[in-house]
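Coordinates as given in work-v2.csv (CSV, C-alpha atoms):
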chain,number,residue,atom,x,y,z
A,1,MET,CA,-30.8,47.0,-58.8
A,2,ARG,CA,-31.5,44.9,-61.8
A,3,ASN,CA,-34.6,43.4,-60.0
A,4,ARG,CA,-36.1,46.8,-59.5
A,5,ALA,CA,-35.2,47.9,-63.0
A,6,ASP,CA,-37.0,44.8,-64.3
A,7,TYR,CA,-40.1,45.7,-62.4
A,8,LEU,CA,-40.1,49.2,-63.9
A,9,LEU,CA,-39.5,47.8,-67.4
A,10,SER,CA,-42.3,45.3,-67.0
A,11,ALA,CA,-44.6,48.0,-65.7
A,12,ALA,CA,-43.7,50.3,-68.6
A,13,GLY,CA,-44.2,47.5,-71.1
A,14,LYS,CA,-47.6,46.7,-69.6
A,15,ALA,CA,-48.6,50.4,-69.7
A,16,ALA,CA,-47.6,50.6,-73.4
A,17,SER,CA,-49.5,47.3,-74.0
A,18,ALA,CA,-52.6,48.6,-72.4
A,19,VAL,CA,-52.6,51.7,-74.5
A,20,LEU,CA,-52.0,49.7,-77.7
A,21,GLY,CA,-54.7,47.2,-76.5
A,22,VAL,CA,-57.3,50.0,-76.1
A,23,VAL,CA,-56.4,51.4,-79.5
A,24,SER,CA,-56.5,48.1,-81.3
A,25,SER,CA,-59.7,47.1,-79.5
A,26,ALA,CA,-61.3,50.3,-80.7
A,27,PHE,CA,-60.3,49.4,-84.3
A,28,TYR,CA,-61.6,45.8,-84.3
A,29,ILE,CA,-64.7,46.5,-82.3
A,30,ARG,CA,-65.7,49.3,-84.7
A,31,TYR,CA,-64.9,46.9,-87.5
A,32,LEU,CA,-67.2,44.2,-86.1
A,33,GLY,CA,-69.9,46.3,-84.5
A,34,LEU,CA,-72.3,45.3,-81.7
A,35,SER,CA,-73.7,42.4,-83.7
A,36,LEU,CA,-70.4,40.4,-84.1
A,37,LYS,CA,-68.2,41.6,-81.2
A,38,GLY,CA,-69.7,39.0,-78.9
A,39,GLU,CA,-69.5,36.2,-81.4
A,40,TYR,CA,-65.8,36.9,-82.0
A,41,SER,CA,-65.1,36.9,-78.2
A,42,TYR,CA,-66.9,33.6,-77.8
A,43,ILE,CA,-64.8,32.0,-80.6
A,44,ASN,CA,-61.6,33.2,-78.9
A,45,GLU,CA,-62.7,32.0,-75.5
A,46,VAL,CA,-63.5,28.5,-76.6
A,47,ALA,CA,-60.2,28.3,-78.5
A,48,SER,CA,-58.4,29.4,-75.4
A,49,ILE,CA,-60.1,26.6,-73.4
A,50,LEU,CA,-59.1,24.0,-75.9
A,51,ALA,CA,-55.6,25.3,-76.1
A,52,ILE,CA,-55.2,24.8,-72.3
A,53,VAL,CA,-56.4,21.2,-72.6
A,54,PHE,CA,-54.1,20.3,-75.6
A,55,SER,CA,-51.1,22.0,-74.0
A,56,LEU,CA,-51.0,19.2,-71.4
A,57,GLY,CA,-49.6,21.7,-68.9
A,58,LEU,CA,-46.1,21.2,-70.3
A,59,HIS,CA,-45.0,24.8,-69.7
A,60,GLN,CA,-46.2,24.7,-66.1
A,61,SER,CA,-43.2,22.6,-65.2
A,62,TYR,CA,-40.6,25.0,-66.6
A,63,LEU,CA,-40.5,27.2,-63.5
A,64,ARG,CA,-40.1,24.2,-61.3
A,65,GLN,CA,-37.3,22.7,-63.4
A,66,THR,CA,-35.5,26.0,-63.4
A,67,ARG,CA,-35.6,26.1,-59.6
A,68,LEU,CA,-34.3,22.6,-59.4
A,69,GLY,CA,-31.3,23.6,-61.6
A,70,THR,CA,-32.0,21.3,-64.5
A,71,SER,CA,-29.5,22.0,-67.3
A,72,GLY,CA,-30.2,22.9,-71.0
A,73,LEU,CA,-33.9,23.8,-70.4
A,74,PRO,CA,-34.5,26.3,-73.2
A,75,GLY,CA,-33.3,23.9,-75.9
A,76,ARG,CA,-34.9,20.8,-74.5
A,77,TYR,CA,-38.2,22.4,-73.9
A,78,GLY,CA,-38.0,24.2,-77.2
A,79,ARG,CA,-37.8,20.9,-79.1
A,80,ILE,CA,-40.7,19.5,-77.1
A,81,TYR,CA,-42.8,22.6,-77.8
A,82,LEU,CA,-42.2,22.4,-81.5
A,83,CYS,CA,-43.1,18.7,-81.7
A,84,VAL,CA,-46.3,19.4,-79.9
A,85,PHE,CA,-47.1,22.3,-82.3
A,86,PHE,CA,-46.7,20.2,-85.4
A,87,VAL,CA,-48.8,17.4,-84.0
A,88,LEU,CA,-51.6,19.8,-83.0
A,89,LEU,CA,-51.4,21.5,-86.4
A,90,ALA,CA,-52.1,18.2,-88.1
A,91,LEU,CA,-54.7,17.1,-85.6
A,92,CYS,CA,-56.7,20.4,-85.6
A,93,GLY,CA,-56.5,20.6,-89.4
A,94,ALA,CA,-58.1,17.2,-89.7
A,95,LEU,CA,-60.7,18.0,-87.1
A,96,SER,CA,-61.6,21.2,-88.8
A,97,ALA,CA,-62.1,19.5,-92.1
A,98,LEU,CA,-64.3,16.9,-90.5
A,99,ALA,CA,-66.4,19.5,-88.6
A,100,GLU,CA,-66.9,21.5,-91.7
A,101,GLY,CA,-68.0,18.4,-93.6
A,102,LEU,CA,-70.5,17.6,-90.9
A,103,GLY,CA,-72.0,21.1,-91.1
A,104,GLY,CA,-70.2,22.7,-88.2
A,105,LYS,CA,-69.8,26.2,-89.8
A,106,GLY,CA,-67.2,28.3,-88.3
A,107,THR,CA,-65.8,25.5,-86.1
A,108,TRP,CA,-62.5,25.7,-88.0
A,109,MET,CA,-62.0,29.3,-86.7
A,110,ILE,CA,-61.9,27.8,-83.2
A,111,LEU,CA,-59.8,24.7,-83.9
A,112,MET,CA,-57.1,26.3,-86.1
A,113,GLN,CA,-56.2,28.8,-83.3
A,114,VAL,CA,-55.3,26.0,-80.9
A,115,PRO,CA,-51.8,25.0,-82.0
A,116,PHE,CA,-50.7,28.7,-82.3
A,117,LEU,CA,-52.2,29.6,-78.9
A,118,VAL,CA,-50.4,26.6,-77.3
A,119,LEU,CA,-47.0,27.4,-78.8
A,120,MET,CA,-47.3,31.1,-77.9
A,121,THR,CA,-48.3,30.3,-74.3
A,122,GLN,CA,-45.4,27.9,-73.9
A,123,THR,CA,-42.8,30.3,-75.3
A,124,ASP,CA,-44.3,33.2,-73.2
A,125,SER,CA,-43.7,31.2,-70.0
A,126,MET,CA,-40.1,30.3,-71.1
A,127,ALA,CA,-39.2,33.8,-72.0
A,128,MET,CA,-40.5,35.2,-68.8
A,129,VAL,CA,-38.1,33.0,-66.9
A,130,GLU,CA,-35.1,33.2,-69.2
A,131,ASN,CA,-35.2,36.8,-70.4
A,132,ILE,CA,-37.9,39.1,-69.0
A,133,ARG,CA,-36.6,42.1,-70.8
A,134,GLY,CA,-36.6,40.3,-74.1
A,135,TYR,CA,-40.1,39.1,-73.4
A,136,VAL,CA,-41.4,42.6,-72.8
A,137,GLY,CA,-39.9,43.8,-76.0
A,138,VAL,CA,-41.2,41.0,-78.2
A,139,ASP,CA,-44.7,41.3,-76.6
A,140,LEU,CA,-44.8,45.0,-77.3
A,141,VAL,CA,-43.8,44.6,-81.0
A,142,PHE,CA,-46.5,41.8,-81.3
A,143,LYS,CA,-49.2,44.2,-80.0
A,144,VAL,CA,-48.0,47.0,-82.4
A,145,CYS,CA,-48.4,44.6,-85.3
A,146,LEU,CA,-51.9,43.6,-84.1
A,147,THR,CA,-52.9,47.2,-83.8
A,148,GLY,CA,-51.8,47.8,-87.4
A,149,LEU,CA,-53.8,44.8,-88.6
A,150,TYR,CA,-57.0,45.9,-86.9
A,151,PHE,CA,-56.7,49.4,-88.2
A,152,ALA,CA,-56.2,48.1,-91.8
A,153,LEU,CA,-59.3,45.8,-91.4
A,154,TRP,CA,-61.4,48.7,-90.0
A,155,ARG,CA,-60.5,51.1,-92.8
A,156,PHE,CA,-60.3,48.8,-95.8
A,157,ALA,CA,-61.8,45.3,-95.4
A,158,PRO,CA,-65.4,44.1,-95.6
A,159,VAL,CA,-66.7,42.7,-92.3
A,160,ASP,CA,-65.7,39.0,-92.0
A,161,LEU,CA,-64.5,37.1,-88.9
A,162,ARG,CA,-62.1,35.2,-91.1
A,163,TYR,CA,-60.1,38.3,-91.8
A,164,LEU,CA,-59.5,38.6,-88.0
A,165,VAL,CA,-58.8,35.0,-87.2
A,166,LEU,CA,-56.3,34.0,-89.9
A,167,PRO,CA,-53.7,36.8,-89.8
A,168,VAL,CA,-53.5,36.7,-86.0
A,169,GLN,CA,-52.3,33.1,-86.2
A,170,LEU,CA,-49.4,34.2,-88.4
A,171,PHE,CA,-48.5,36.9,-85.9
A,172,ARG,CA,-48.6,34.4,-83.0
A,173,LEU,CA,-46.2,32.1,-84.9
A,174,VAL,CA,-43.7,34.9,-85.5
A,175,LYS,CA,-43.9,36.0,-81.9
A,176,SER,CA,-43.2,32.5,-80.7
A,177,ALA,CA,-40.2,32.2,-82.9
A,178,ALA,CA,-38.9,35.6,-81.6
A,179,LEU,CA,-39.4,34.5,-78.0
A,180,MET,CA,-37.4,31.3,-78.6
A,181,LYS,CA,-34.7,33.5,-80.0
A,182,VAL,CA,-34.5,35.8,-76.9
A,183,SER,CA,-34.7,32.7,-74.7
A,184,ASN,CA,-31.5,31.5,-76.4
A,185,VAL,CA,-33.1,28.3,-77.6
A,186,ARG,CA,-30.7,26.0,-79.3
A,187,LEU,CA,-32.3,22.7,-80.4
A,188,PRO,CA,-30.1,19.8,-79.3
A,189,ARG,CA,-29.7,16.8,-81.7
A,190,GLU,CA,-28.9,14.3,-79.0
A,191,ASN,CA,-30.1,13.0,-75.7
A,192,LEU,CA,-33.5,12.2,-77.0
A,193,ARG,CA,-33.9,9.6,-74.2
A,194,GLU,CA,-33.4,12.4,-71.7
A,195,ASP,CA,-35.9,14.5,-73.5
A,196,ARG,CA,-38.5,11.7,-73.3
A,197,ASP,CA,-37.9,11.5,-69.6
A,198,LEU,CA,-38.2,15.3,-69.3
A,199,LEU,CA,-41.5,15.1,-71.3
A,200,ARG,CA,-42.9,12.5,-68.9
A,201,GLN,CA,-41.9,14.6,-65.9
A,202,ALA,CA,-43.3,17.7,-67.5
A,203,VAL,CA,-46.7,16.0,-68.2
A,204,SER,CA,-46.8,14.4,-64.7
A,205,PHE,CA,-46.0,17.7,-63.0
A,206,GLY,CA,-48.0,19.9,-65.3
A,207,PHE,CA,-51.3,18.0,-65.5
A,208,LEU,CA,-52.8,19.3,-62.2
A,209,PRO,CA,-51.6,22.9,-62.9
A,210,MET,CA,-53.1,22.5,-66.4
A,211,LEU,CA,-56.4,21.6,-64.8
A,212,SER,CA,-56.0,24.6,-62.5
A,213,THR,CA,-55.3,26.9,-65.4
A,214,LEU,CA,-58.4,25.5,-67.1
A,215,LEU,CA,-60.4,26.3,-63.9
A,216,VAL,CA,-58.9,29.9,-64.0
A,217,THR,CA,-60.0,30.3,-67.6
A,218,PHE,CA,-63.5,29.0,-66.7
A,219,ASN,CA,-63.6,31.4,-63.8
A,220,TYR,CA,-62.9,34.2,-66.3
A,221,THR,CA,-65.1,33.0,-69.1
A,222,LEU,CA,-68.1,31.1,-67.7
A,223,ASP,CA,-70.0,34.3,-67.7
A,224,ILE,CA,-69.4,34.7,-71.4
A,225,LEU,CA,-70.2,31.1,-72.2
A,226,PHE,CA,-73.5,31.2,-70.2
A,227,LEU,CA,-74.5,34.6,-71.7
A,228,LYS,CA,-74.0,33.1,-75.2
A,229,ARG,CA,-76.7,30.5,-74.3
A,230,LEU,CA,-78.9,32.3,-71.8
A,231,GLY,CA,-78.6,36.0,-72.9
A,232,THR,CA,-79.0,38.0,-76.0
A,233,PRO,CA,-76.3,38.8,-78.7
A,234,GLU,CA,-76.4,42.5,-77.6
A,235,GLU,CA,-75.8,41.6,-74.0
A,236,LEU,CA,-73.0,39.3,-75.0
A,237,SER,CA,-71.2,42.0,-77.0
A,238,LEU,CA,-71.6,44.6,-74.2
A,239,TYR,CA,-70.4,42.1,-71.6
A,240,THR,CA,-67.4,41.0,-73.6
A,241,LEU,CA,-66.4,44.7,-73.9
A,242,ALA,CA,-66.6,45.1,-70.2
A,243,ALA,CA,-64.5,42.0,-69.7
A,244,LEU,CA,-62.0,43.3,-72.2
A,245,ILE,CA,-61.6,46.5,-70.2
A,246,ILE,CA,-61.1,44.6,-67.0
A,247,ASN,CA,-58.4,42.5,-68.8
A,248,TYR,CA,-56.5,45.7,-69.5
A,249,VAL,CA,-56.8,46.7,-65.8
A,250,TRP,CA,-55.3,43.2,-65.0
A,251,MET,CA,-52.2,44.2,-66.9
A,252,ILE,CA,-51.2,46.1,-63.8
A,253,PRO,CA,-50.9,43.0,-61.5
A,254,ASP,CA,-49.6,41.0,-64.5
A,255,ALA,CA,-46.7,43.4,-64.9
A,256,PHE,CA,-45.7,42.7,-61.3
A,257,LYS,CA,-46.5,39.0,-61.7
A,258,GLU,CA,-44.2,38.5,-64.7
A,259,VAL,CA,-41.1,39.7,-62.9
A,260,LEU,CA,-42.2,37.9,-59.7
A,261,TYR,CA,-42.5,34.7,-61.8
A,262,SER,CA,-38.8,34.9,-62.6
A,263,ARG,CA,-37.7,35.8,-59.1
A,264,VAL,CA,-39.7,33.1,-57.4
A,265,ALA,CA,-38.0,30.5,-59.7
A,266,ARG,CA,-34.6,31.4,-58.3
A,267,GLY,CA,-35.3,31.7,-54.6
A,268,ASP,CA,-37.2,33.3,-51.7
A,269,SER,CA,-39.0,36.5,-52.7
A,270,GLU,CA,-41.2,37.3,-49.7
A,271,MET,CA,-40.6,41.1,-49.9
A,272,GLU,CA,-41.3,41.2,-53.6
A,273,VAL,CA,-44.6,39.3,-53.1
A,274,ARG,CA,-45.8,41.9,-50.7
A,275,ILE,CA,-44.6,44.8,-52.8
A,276,SER,CA,-46.3,43.3,-55.9
A,277,ILE,CA,-49.6,42.9,-54.1
A,278,ARG,CA,-49.5,46.4,-52.6
A,279,GLY,CA,-48.6,48.2,-55.8
A,280,SER,CA,-51.2,46.3,-57.8
A,281,VAL,CA,-54.0,47.0,-55.4
A,282,ALA,CA,-53.2,50.7,-55.2
A,283,LEU,CA,-53.0,51.1,-59.0
A,284,VAL,CA,-56.2,49.1,-59.6
A,285,LEU,CA,-58.1,51.2,-57.1
A,286,LEU,CA,-56.9,54.3,-58.8
A,287,CYS,CA,-58.1,53.0,-62.2
A,288,TRP,CA,-61.4,52.2,-60.6
A,289,GLY,CA,-62.0,55.7,-59.4
A,290,GLY,CA,-60.8,57.2,-62.8
A,291,PHE,CA,-63.2,54.9,-64.7
A,292,ALA,CA,-66.1,55.8,-62.5
A,293,LEU,CA,-65.6,59.5,-63.4
A,294,LEU,CA,-64.5,59.2,-67.0
A,295,GLY,CA,-65.6,55.8,-68.2
A,296,ARG,CA,-68.8,56.8,-70.0
A,297,PRO,CA,-67.3,59.5,-72.3
A,298,VAL,CA,-64.3,57.3,-72.9
A,299,ILE,CA,-66.5,54.3,-74.0
A,300,ARG,CA,-68.5,56.6,-76.3
A,301,TRP,CA,-65.4,58.2,-77.8
A,302,ILE,CA,-63.4,55.0,-78.3
A,303,PHE,CA,-66.0,52.3,-79.0
A,304,GLY,CA,-69.1,54.1,-79.9
A,305,ALA,CA,-72.4,55.2,-78.1
A,306,GLU,CA,-73.9,51.7,-78.7
A,307,PHE,CA,-71.5,50.3,-76.1
A,308,LEU,CA,-72.3,52.7,-73.3
A,309,PRO,CA,-74.4,50.2,-71.2
A,310,ALA,CA,-71.1,48.3,-70.6
A,311,TRP,CA,-69.9,51.1,-68.2
A,312,ARG,CA,-72.1,49.8,-65.4
A,313,VAL,CA,-70.8,46.2,-65.9
A,314,VAL,CA,-67.2,47.4,-65.8
A,315,LEU,CA,-67.7,49.2,-62.4
A,316,ILE,CA,-69.1,46.0,-60.9
A,317,LEU,CA,-66.3,43.8,-62.3
A,318,PHE,CA,-63.7,46.1,-60.7
A,319,ILE,CA,-64.7,44.8,-57.3
A,320,GLY,CA,-63.6,41.3,-58.3
A,321,ALA,CA,-60.5,42.6,-60.0
A,322,VAL,CA,-59.1,43.7,-56.7
A,323,SER,CA,-59.7,40.3,-55.1
A,324,MET,CA,-58.0,38.4,-58.0
A,325,ILE,CA,-54.7,40.3,-57.4
A,326,TYR,CA,-54.1,37.9,-54.5
A,327,TYR,CA,-54.7,34.9,-56.7
A,328,LYS,CA,-52.3,36.2,-59.3
A,329,MET,CA,-49.4,36.9,-56.9
A,330,LEU,CA,-49.8,34.2,-54.3
A,331,GLY,CA,-50.7,31.5,-56.9
A,332,VAL,CA,-47.2,31.8,-58.4
A,333,VAL,CA,-45.6,30.9,-55.1
A,334,LEU,CA,-48.0,28.0,-54.3
A,335,VAL,CA,-47.4,26.3,-57.7
A,336,THR,CA,-43.6,26.8,-57.5
A,337,GLU,CA,-43.5,25.2,-54.1
A,338,GLY,CA,-45.5,22.3,-55.3
A,339,ARG,CA,-48.8,23.1,-53.5
A,340,THR,CA,-50.8,22.3,-56.6
A,341,GLY,CA,-53.4,20.4,-54.7
A,342,VAL,CA,-54.4,23.5,-52.6
A,343,TYR,CA,-54.2,25.7,-55.8
A,344,PHE,CA,-56.6,23.4,-57.6
A,345,ALA,CA,-59.0,23.0,-54.8
A,346,ILE,CA,-59.4,26.8,-54.4
A,347,LEU,CA,-60.0,27.3,-58.1
A,348,LEU,CA,-62.5,24.5,-58.2
A,349,ALA,CA,-64.5,26.0,-55.4
A,350,SER,CA,-64.5,29.4,-57.2
A,351,VAL,CA,-65.6,27.9,-60.5
A,352,LEU,CA,-68.4,25.9,-58.9
A,353,LEU,CA,-69.7,29.1,-57.3
A,354,ASN,CA,-69.4,31.0,-60.5
A,355,ALA,CA,-71.3,28.3,-62.5
A,356,VAL,CA,-74.2,28.0,-60.0
A,357,SER,CA,-74.5,31.8,-59.6
A,358,ASN,CA,-74.5,32.4,-63.4
A,359,LEU,CA,-77.2,29.8,-63.9
A,360,TYR,CA,-79.4,31.5,-61.3
A,361,TRP,CA,-78.7,35.2,-62.1
A,362,ILE,CA,-78.3,35.4,-65.9
A,363,PRO,CA,-82.0,34.4,-66.7
A,364,ARG,CA,-83.1,36.9,-64.1
A,365,ARG,CA,-80.7,39.9,-64.5
A,366,GLY,CA,-78.9,39.2,-67.8
A,367,MET,CA,-75.4,40.7,-68.0
A,368,ILE,CA,-75.7,42.4,-64.6
A,369,GLY,CA,-76.3,39.0,-63.0
A,370,ALA,CA,-73.3,37.6,-64.9
A,371,ALA,CA,-71.1,40.5,-63.5
A,372,TRP,CA,-72.1,39.9,-59.9
A,373,SER,CA,-71.6,36.2,-60.3
A,374,SER,CA,-68.0,36.9,-61.4
A,375,VAL,CA,-67.5,39.2,-58.4
A,376,LEU,CA,-68.6,36.5,-55.9
A,377,SER,CA,-66.3,34.0,-57.5
A,378,TYR,CA,-63.3,36.3,-57.7
A,379,THR,CA,-63.7,37.4,-54.1
A,380,LEU,CA,-63.9,33.8,-52.8
A,381,CYS,CA,-60.8,33.0,-54.9
A,382,GLY,CA,-58.7,35.9,-53.6
A,383,VAL,CA,-59.7,35.4,-49.9
A,384,LEU,CA,-58.9,31.6,-50.1
A,385,PHE,CA,-55.5,32.2,-51.8
A,386,LEU,CA,-54.5,34.7,-49.1
A,387,TRP,CA,-55.6,32.3,-46.4
A,388,ALA,CA,-53.7,29.4,-47.9
A,389,TYR,CA,-50.5,31.4,-48.5
A,390,CYS,CA,-50.5,32.8,-44.9
A,391,ARG,CA,-51.0,29.4,-43.5
A,392,LEU,CA,-48.1,28.0,-45.6
A,393,LYS,CA,-45.7,30.8,-44.6
A,394,ASN,CA,-47.0,31.2,-41.1
A,395,LYS,CA,-47.7,34.9,-41.7
A,396,SER,CA,-50.5,37.2,-40.7
A,397,PRO,CA,-52.9,38.3,-43.5
A,398,TRP,CA,-52.5,41.9,-42.3
A,399,MET,CA,-48.9,41.9,-43.7
A,400,TYR,CA,-50.5,41.8,-47.2
A,401,LEU,CA,-53.0,44.5,-46.5
A,402,TRP,CA,-50.9,47.3,-45.1
A,403,PRO,CA,-47.3,48.4,-45.8
A,404,ALA,CA,-44.6,47.6,-43.3
A,405,PRO,CA,-41.6,49.9,-42.6
A,406,ASP,CA,-39.2,47.6,-44.5
A,407,GLU,CA,-41.4,47.8,-47.5
A,408,ARG,CA,-41.5,51.5,-47.5
A,409,ALA,CA,-37.7,51.6,-47.4
A,410,TRP,CA,-37.6,49.1,-50.3
A,411,ILE,CA,-39.9,51.3,-52.4
A,412,ARG,CA,-37.9,54.5,-51.6
A,413,ALA,CA,-34.7,52.7,-52.8
A,414,ALA,CA,-36.4,51.5,-55.9
A,415,LEU,CA,-37.6,55.0,-56.8
A,416,ARG,CA,-34.1,56.4,-56.3
A,417,LYS,CA,-32.1,53.6,-58.0
A,418,GLY,CA,-34.5,51.3,-59.9
A,419,GLY,CA,-33.6,52.8,-63.3
A,420,ARG,CA,-29.9,52.5,-62.9

Show the structure stored in the file as structure tokens.
Amino acid sequence: MRNRADYLLSAAGKAASAVLGVVSSAFYIRYLGLSLKGEYSYINEVASILAIVFSLGLHQSYLRQTRLGTSGLPGRYGRIYLCVFFVLLALCGALSALAEGLGGKGTWMILMQVPFLVLMTQTDSMAMVENIRGYVGVDLVFKVCLTGLYFALWRFAPVDLRYLVLPVQLFRLVKSAALMKVSNVRLPRENLREDRDLLRQAVSFGFLPMLSTLLVTFNYTLDILFLKRLGTPEELSLYTLAALIINYVWMIPDAFKEVLYSRVARGDSEMEVRISIRGSVALVLLCWGGFALLGRPVIRWIFGAEFLPAWRVVLILFIGAVSMIYYKMLGVVLVTEGRTGVYFAILLASVLLNAVSNLYWIPRRGMIGAAWSSVLSYTLCGVLFLWAYCRLKNKSPWMYLWPAPDERAWIRAALRKGGR
């Protein structure tokens, strides 16, 4: 029953996070306005890409090591994560000073996010395996704090990107410390040689998944990067709002994925994979219909009338959101079972299609062209992941498109007893 309760808790946490995310987004978007919203999103996207590169994929191996039964993982990985954090803090601080001295205004707002993003990503992954309930609680408190910060800035502060960037890093640091606590991290003082061996294994295993994560991020952000260069500032702001709304929708499959992540680490989870896909698709389709009917007044009320043109972009991106559910769920299994080569190849094909399509369509259709380019890429990604998974498991794709009798029984049992 605990598995089912974890799904319900994760779903409830994501629902609360989505509500907080919409509220906090309304505060900071109204704070920045149409002129600076796109610039802020661009800064964050570039920082995220750099954080993936500098993380070296260390956290990607945690799930695999758990499944192999390696002992003392929270403490050993915790010590590695902290060492990486302090090295990156020094490195990015020096690079920021150098860039500012060479006239790269604002570069420090990108670079100084990197060590904090790396540490938070690493501790997120560890807590999702070690203590999913603790992770949900800490993540919720983190989002409440961000909402309070954005409200205070909107009501009381002059418009300045620095007032957004700097406090968020402090919150990320506190969140990472709390996640280490709930993961029961106790830093060992011995066995440094074993930790060096573990570090080598982690980098060796995590390098290809890191490149894959980089490709995923590019798949999500190439449209924004190209719009920054090929579109207008207004289109960039409108498009980044649409992408933000879709990110909230993706919290639905992410809620299933977080629990699935922990279950896959400990053994076979074929039934839970199917249930996760089915539930995610149904709820995303429901959101799509609701947004088609109510999206325009909601955007006007929450973000302001100047952002109304984003409604059409959101409706287009919903098409790709459904396809990417299959990547989110099935990708966890492929990585855990060591199929990183297939995982990487599919993502590479998706990113290449995304790049070529954006280069062609953005100069012709602007943000609408960027949206359709993303849909093409997401659809290819989802279809190929479903094909690869079914070939690996020798299953029919129809099993993941329509509920089977055993799934319906599992769902009925979960509804009756999941909260116990």

Inset, instruction - Using all atoms listed in the file, determine which residues lie at most 9 Å from range 207-211 of chain A, disregarding the query and same-chain residues fewer than 2 positions distant; provide the list as number ranges by chain. - result: A: 52-53, 55-58, 60-61, 202-205, 213-216, 335, 340-341, 343-344

6 Å contact set for range 19-33 of chain A, only C-alpha atoms, chain neighbours under 3 positions out, as a CSV table (one decimal) with C-alpha atoms, in the frame of the given file:
chain,number,residue,atom,x,y,z
A,16,ALA,CA,-47.6,50.6,-73.4
A,36,LEU,CA,-70.4,40.4,-84.1
A,37,LYS,CA,-68.2,41.6,-81.2
A,147,THR,CA,-52.9,47.2,-83.8
A,150,TYR,CA,-57.0,45.9,-86.9
A,151,PHE,CA,-56.7,49.4,-88.2
A,154,TRP,CA,-61.4,48.7,-90.0
A,302,ILE,CA,-63.4,55.0,-78.3
A,303,PHE,CA,-66.0,52.3,-79.0

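For the atom pair formed by CA of Met120 in chain A and CA of Gly134 in chain A, the distance is 14.6 Å, given to one decimal.
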
Can you tell me, as JSON, the centre and edge lengths (Å, one decimal) of the axis-aligned box enclosing all of range 378-394 of chain A's listed atoms after padding each side by 3 Å?
{"center_x": -54.8, "center_y": 32.7, "center_z": -49.4, "size_x": 24.2, "size_y": 15.4, "size_z": 22.6}

Inset, instruction - Compare A:Ile110, A:Ile252, A:Cys381, A:Leu68 by their minimum atom-to-atom distance to Ala51 in chain A, counting all atoms listed in the file, and give me the closest one. - result: A:Ile110

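Distance-wise, CA of Phe156 in chain A and CA of Val168 in chain A end up 17.0 Å apart.
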
Legend entry - Radius query 12 Å about (-49.4, 44.1, -85.5), atoms used: only C-alpha atoms, as a ChimeraX atom specification: /A:17,20-21,23-24,138-153,164,167-172,174-175

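You can rank A:Gly320, A:Gly304, A:Gly366, A:Gly106 by their closest distance to Asn247 in chain A using only C-alpha atoms, and at the top of that list sits A:Gly320.
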
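In this structure, CA of Glu270 in chain A sits 26.1 Å away from CA of Ser71 in chain A.
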
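Within the 10 Å cut-off around Tyr77 in chain A, using all atoms listed in the file and omitting residues fewer than 4 positions from it on the same chain, the listed residues are Leu58, His59, Tyr62, Gly72, Leu73, Tyr81, Leu82, Cys83, Gln122, Thr123, Met126, Val185, Arg186, Leu187, Asp195, Leu198, Leu199 and Ala202 of chain A.
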
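Checking A:Arg76, A:Phe85, A:Arg64, A:Pro115 one by one against Ser48 in chain A, counting all atoms listed in the file, you find the shortest gap at A:Pro115.
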
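Distances here use only C-alpha atoms; by that measure, the residue among A:Leu285, A:Glu234, A:Val182, A:Arg67 closest to Arg133 in chain A is A:Val182.
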
Legend entry - Option closest in space to Val284 in chain A, from A:Ile325, A:Ile299, A:Leu119, A:Met128 [counting all atoms listed in the file]: A:Ile325

Mind dumping a table of every range 41-79 of chain A residue within 10 Å of range 217-223 of chain A, with the nearest atom pair and its distance in Å to one decimal, using only C-alpha atoms, sorted by chain and rising number, as CSV?
residue,atom,partner,partner_atom,distance
A:Ser41,CA,A:Thr221,CA,9.9
A:Tyr42,CA,A:Thr221,CA,8.9
A:Glu45,CA,A:Thr221,CA,6.9
A:Val46,CA,A:Thr221,CA,8.9
A:Ser48,CA,A:Thr217,CA,8.0
A:Ile49,CA,A:Thr217,CA,6.9
A:Ile52,CA,A:Thr217,CA,8.7
